[in-house]
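Enquirer: Pasting a structure here, questions to come.
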Amino acid sequence: MPGPRPGPRPGPAMATACTSRRRPRAQAVLLVLLHLLWTIPLGVLGVTITNLKVPSTVQNGSSGTILDCEYSLLPDEAQPTSGLVIKWYFNSRPAPVYQWIPRQKPQDLDLLRGRLDMNYTANNHAAMEHRALRILNATTDLSGEWKCSVSTFKNEDFMIKKMVVFVPEKGFEVIKSKTNPPDHVNVTCRAHGVFPEPRMNLYRDPGPTGKSSGLPGVTVNTVNRQGVYDITAWTLMPESEIDNPTVLECELRLPDANYTKRKRILVYSGSMGFLSAGATPLCQASSWWKTMAAALLLLHQLKR
């Protein structure tokens, strides 16, 4: 006796019908989830750091540098029984360098011991008073990643930001000298006492907005000296390639600190190798305006 005949396989029309029956339910679930995410107030899931205010760059020796950690709490998390504690960490150190438990005195630890204003208050709320750091004297050893951790017995949140404490140059000069044999001009740029590690470049005929073409064959030497850097860049320019005058620019950069300093000089070839007072020879009268324009440009840059 033949068995029951199999029913028809679901074709494209039936699959479309099944899909169309499921789609309204999936859309409804998605809408409910989006509504919940939109309407849940910030912090309802527990302690949440809302903003970590850490300056990206600070000059060495600055006083009163503030690192602040703003957070939101549930009502019960602001209670003394919630176990709320605020900790600050530096780089990869496993132990905190600062800790505060509300209604207790803040603690400066390890690297920050004796270097904070312990009376500083960031907020009048009892659960947020001493959440921030006020560094009395920022120094280069404080360059790195700062992590704020806010936790209770039930929840925890943290955020990390980087701060660079930079040291501007103590000296910065561009000098030129004749070589032996005297068919080249030696151009040397030097800076010393900077932090973090610097970069240096030499440019020829820079425009009003800054660098143009870099000089070829530039040698750069960087030396770490007791936590700060000295840097030198130099090159030899054939006199045959020097116009009268040629503007040269030295650029000193601290990439990690977003810091740039520039200096310009005028270079002449032959007997005009150095700026000097006196009458302009007739054979050079045609370049008088060019010389004056370059000199005015240099004076403008020096005043910046």
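Each chain of the structure tokens is named A, B, ... in the order shown, its residues numbered from 1; ligands are numbered from 1 in display order.
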Compile the contact shell of A:Gln226 as a ChimeraX atom specification: residues with an atom at most 12 Å away, counting only C-alpha atoms, same-chain residues fewer than 5 positions apart removed.

Expert: /A:140,192-195

Enquirer: Excluding stretch 176-186 of chain A and any residue of its chain fewer than 6 positions from it, enumerate the residues within 6 Å of it, using only C-alpha atoms, and give them as a list in words.

Expert: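 In the requested format, the answer is Thr235, Leu236, Met237, Pro238 and Glu239 of chain A.
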
Enquirer: Report as a list in words all protein, DNA and RNA residues lying within 8 Å of A:Arg262, evaluated on only C-alpha atoms, omitting residues in the same chain fewer than 6 positions from it.

Expert: Glu249, Cys250, Glu251 and Leu252 of chain A

Enquirer: How about saving the chosen residues, C-alpha atoms kept, as a compact mmCIF listing (two decimals), in the first residue's frame?

Expert:
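In the end it all went to result-v2.txt:
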```txt
# COMPACT_ATOMS: atom_id res chain seq x y z
CA GLU A 249 65.31 77.46 7.57
CA CYS A 250 65.91 75.05 10.43
CA GLU A 251 62.85 73.37 11.89
CA LEU A 252 62.87 71.82 15.37
```

Enquirer: Restricting the calculation to only C-alpha atoms, which member of A:Val220, A:Met200, A:Ala138, A:Met163 is positioned closest to A:Lys263?

Expert: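 Counting only C-alpha atoms, the residue closest to A:Lys263 is A:Met200.
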
Enquirer: Would you compute the distance between atom CA of A:Ile242 and atom CA of A:Ile265? Give it in Å to one decimal.

Expert: 13.1 Å

Enquirer: Per DSSP on the backbone, what are the alpha helix (DSSP H) residues of stretch 32-275 of chain A, as a ChimeraX atom specification?

Expert: /A:32-39

Enquirer: Kindly export the residues of the current selection with C-alpha atoms, as a short mmCIF file (atom, residue, chain, number, x, y, z; two decimals), in the first residue's frame.

Expert:
```cif
data_model
loop_
_atom_site.label_atom_id
_atom_site.label_comp_id
_atom_site.auth_asym_id
_atom_site.auth_seq_id
_atom_site.Cartn_x
_atom_site.Cartn_y
_atom_site.Cartn_z
CA VAL A 32 11.73 47.78 21.87
CA LEU A 33 15.50 47.39 22.34
CA LEU A 34 16.23 50.72 20.68
CA HIS A 35 13.59 52.38 22.85
CA LEU A 36 15.14 50.94 26.00
CA LEU A 37 18.63 52.05 25.02
CA TRP A 38 17.35 55.54 24.22
CA THR A 39 15.30 56.01 27.35
#
```
